[in-house]
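Enquirer: Here it is, the structure in full.
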Amino acid sequence: TNTSKRSRDTRRKLDVENIRSALELCRTEEGSYPLSIYSNITCGTETYLGGTPKDPKTDSVYDYSKVSNTSYTIECELESLEPCSFTNP
């Protein structure tokens, strides 16, 4: 239903924001972003987000790419077909 789609899209946006926040904490404390966020967000010995959120429909990890120590991209696919990506900086 449309309500279910909107609900899942809202969840995806919230997930991406939570991941982004953990990535920023990681960079602030450790000086760079992690190579992967597959199972959690860990930099050095500190875990900033355990159990990385996954897409509520597909159970897939959101697309993440570390471009450099100071840059990354994270994306999700919304059912509404709106853009859902965040690039820093």
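Chain labels follow the order of the structure tokens: the first chain is A, the next B, and so on; residue numbering restarts at 1 in every chain, and ligands are counted from 1 in their shown order.
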Report as a ChimeraX atom specification all protein, DNA and RNA residues lying within 9 Å of Ser85 in chain A, evaluated on only C-alpha atoms, omitting residues in the same chain fewer than 2 positions from it.
Expert: /A:16,73-77,83,87
Enquirer: List the neighbours of range 23-28 of chain A out to 7 Å using only C-alpha atoms; skip same-chain residues closer than 5 positions along the sequence, and give me the result as a list in words.
Expert: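 Residues meeting the cut-off are Tyr33, Cys43 and Tyr48 of chain A.
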Enquirer: For the strand (DSSP E or B) assignment from backbone DSSP, which residues of chain A qualify? Please present them as a list in words.
Expert: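 Answer for chain A restricted to strand (DSSP E or B) is Asn40, Ile41, Thr42, Cys43, Glu46, Thr47, Tyr48, Leu49, Gly50, Lys54, Val61, Asp63, Tyr64, Ser65, Lys66, Val67, Ser68, Ser71, Tyr72, Thr73, Ile74, Glu75, Ser85, Phe86, Thr87 and Asn88 of chain A.
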Enquirer: Since we have the selection now, will you write its residues out, keeping N, CA and C atoms, as a JSON list (two decimals), in the first residue's frame?
Expert:
[["chain", "number", "residue", "atom", "x", "y", "z"],
["A", 40, "ASN", "N", 28.71, -3.08, 11.01],
["A", 40, "ASN", "CA", 28.64, -2.01, 12.00],
["A", 40, "ASN", "C", 29.55, -0.88, 11.54],
["A", 41, "ILE", "N", 29.54, 0.20, 12.29],
["A", 41, "ILE", "CA", 30.44, 1.32, 11.96],
["A", 41, "ILE", "C", 31.46, 1.41, 13.07],
["A", 42, "THR", "N", 32.67, 0.97, 12.74],
["A", 42, "THR", "CA", 33.78, 0.93, 13.68],
["A", 42, "THR", "C", 34.98, 1.65, 13.09],
["A", 43, "CYS", "N", 35.60, 2.47, 13.90],
["A", 43, "CYS", "CA", 36.86, 3.13, 13.54],
["A", 43, "CYS", "C", 37.82, 2.89, 14.69],
["A", 46, "GLU", "N", 36.80, 1.65, 18.45],
["A", 46, "GLU", "CA", 35.50, 2.16, 18.89],
["A", 46, "GLU", "C", 34.40, 1.84, 17.86],
["A", 47, "THR", "N", 33.29, 1.31, 18.33],
["A", 47, "THR", "CA", 32.13, 1.08, 17.47],
["A", 47, "THR", "C", 31.15, 2.23, 17.67],
["A", 48, "TYR", "N", 30.84, 2.91, 16.58],
["A", 48, "TYR", "CA", 29.98, 4.08, 16.63],
["A", 48, "TYR", "C", 28.52, 3.75, 16.32],
["A", 49, "LEU", "N", 28.30, 2.63, 15.64],
["A", 49, "LEU", "CA", 26.94, 2.16, 15.38],
["A", 49, "LEU", "C", 27.01, 0.65, 15.19],
["A", 50, "GLY", "N", 26.53, -0.07, 16.18],
["A", 50, "GLY", "CA", 26.50, -1.53, 16.09],
["A", 50, "GLY", "C", 25.27, -1.97, 15.34],
["A", 54, "LYS", "N", 19.54, -1.75, 7.92],
["A", 54, "LYS", "CA", 19.36, -2.30, 6.58],
["A", 54, "LYS", "C", 18.00, -1.87, 6.05],
["A", 61, "VAL", "N", 22.10, -3.92, 3.00],
["A", 61, "VAL", "CA", 22.85, -2.80, 3.55],
["A", 61, "VAL", "C", 22.79, -1.65, 2.54],
["A", 63, "ASP", "N", 24.00, 1.44, 0.24],
["A", 63, "ASP", "CA", 25.23, 1.62, -0.53],
["A", 63, "ASP", "C", 26.10, 2.69, 0.13],
["A", 64, "TYR", "N", 27.35, 2.32, 0.42],
["A", 64, "TYR", "CA", 28.31, 3.22, 1.05],
["A", 64, "TYR", "C", 29.63, 3.11, 0.31],
["A", 65, "SER", "N", 30.23, 4.25, 0.06],
["A", 65, "SER", "CA", 31.54, 4.28, -0.58],
["A", 65, "SER", "C", 32.41, 5.31, 0.09],
["A", 66, "LYS", "N", 33.55, 4.88, 0.60],
["A", 66, "LYS", "CA", 34.54, 5.81, 1.16],
["A", 66, "LYS", "C", 35.36, 6.32, -0.01],
["A", 67, "VAL", "N", 35.21, 7.59, -0.31],
["A", 67, "VAL", "CA", 35.91, 8.20, -1.44],
["A", 67, "VAL", "C", 37.34, 8.55, -1.04],
["A", 68, "SER", "N", 37.50, 9.08, 0.19],
["A", 68, "SER", "CA", 38.81, 9.42, 0.73],
["A", 68, "SER", "C", 38.67, 9.42, 2.25],
["A", 71, "SER", "N", 35.89, 12.01, 2.78],
["A", 71, "SER", "CA", 34.73, 12.07, 1.90],
["A", 71, "SER", "C", 34.11, 10.69, 1.73],
["A", 72, "TYR", "N", 32.78, 10.65, 1.67],
["A", 72, "TYR", "CA", 32.05, 9.40, 1.44],
["A", 72, "TYR", "C", 30.72, 9.70, 0.75],
["A", 73, "THR", "N", 30.11, 8.65, 0.24],
["A", 73, "THR", "CA", 28.77, 8.72, -0.33],
["A", 73, "THR", "C", 27.96, 7.58, 0.26],
["A", 74, "ILE", "N", 26.72, 7.85, 0.61],
["A", 74, "ILE", "CA", 25.80, 6.81, 1.06],
["A", 74, "ILE", "C", 24.48, 7.02, 0.33],
["A", 75, "GLU", "N", 23.88, 5.91, -0.11],
["A", 75, "GLU", "CA", 22.66, 5.99, -0.89],
["A", 75, "GLU", "C", 21.67, 4.92, -0.46],
["A", 85, "SER", "N", 20.36, 10.20, -1.33],
["A", 85, "SER", "CA", 21.80, 10.04, -1.25],
["A", 85, "SER", "C", 22.39, 11.19, -0.46],
["A", 86, "PHE", "N", 23.55, 10.91, 0.11],
["A", 86, "PHE", "CA", 24.25, 11.93, 0.89],
["A", 86, "PHE", "C", 25.72, 11.80, 0.57],
["A", 87, "THR", "N", 26.33, 12.90, 0.18],
["A", 87, "THR", "CA", 27.76, 12.94, -0.10],
["A", 87, "THR", "C", 28.38, 13.94, 0.83],
["A", 88, "ASN", "N", 29.48, 13.56, 1.46],
["A", 88, "ASN", "CA", 30.19, 14.47, 2.34],
["A", 88, "ASN", "C", 31.64, 14.53, 1.90]]
Enquirer: Restricting the calculation to only C-alpha atoms: of A:Lys57, A:Lys5, A:Arg12, A:Arg20, which residue gets closest to Pro89 in chain A?
Expert: A:Arg20
Enquirer: To one decimal in Å, tell me the separation between CA of Ala22 in chain A and CA of Arg6 in chain A.
Expert: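 The value is 24.5 Å.
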Enquirer: Figure out the distance between CA of Asp9 in chain A and CA of Leu78 in chain A, please, to one decimal in Å.
Expert: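 One can read the CA of Leu78 in chain A to CA of Asp9 in chain A distance as 5.5 Å.
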Enquirer: Which is closer to Thr1 in chain A than all the others in A:Glu17, A:Glu79, A:Glu29, A:Asp55, using only C-alpha atoms?
Expert: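 For Thr1 in chain A, the nearest of the given residues is A:Glu79.
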Enquirer: Give me, as a PyMOL selection string, the residues of range 6-81 of chain A that a backbone DSSP run labels helix (DSSP H, G or I).
Expert: chain A and resi 6-30
Enquirer: Using only C-alpha atoms for the distances, tell me which of A:Asn2, A:Ser80, A:Thr70, A:Ser39 is nearest to Pro53 in chain A.
Expert: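 With only C-alpha atoms as the atom set, the closest residue is A:Ser39.
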Enquirer: Work out how far CA of Ile19 in chain A is from CA of Ser32 in chain A, in Å to one decimal.
Expert: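 For CA of Ser32 in chain A relative to CA of Ile19 in chain A, the distance reads 14.7 Å.
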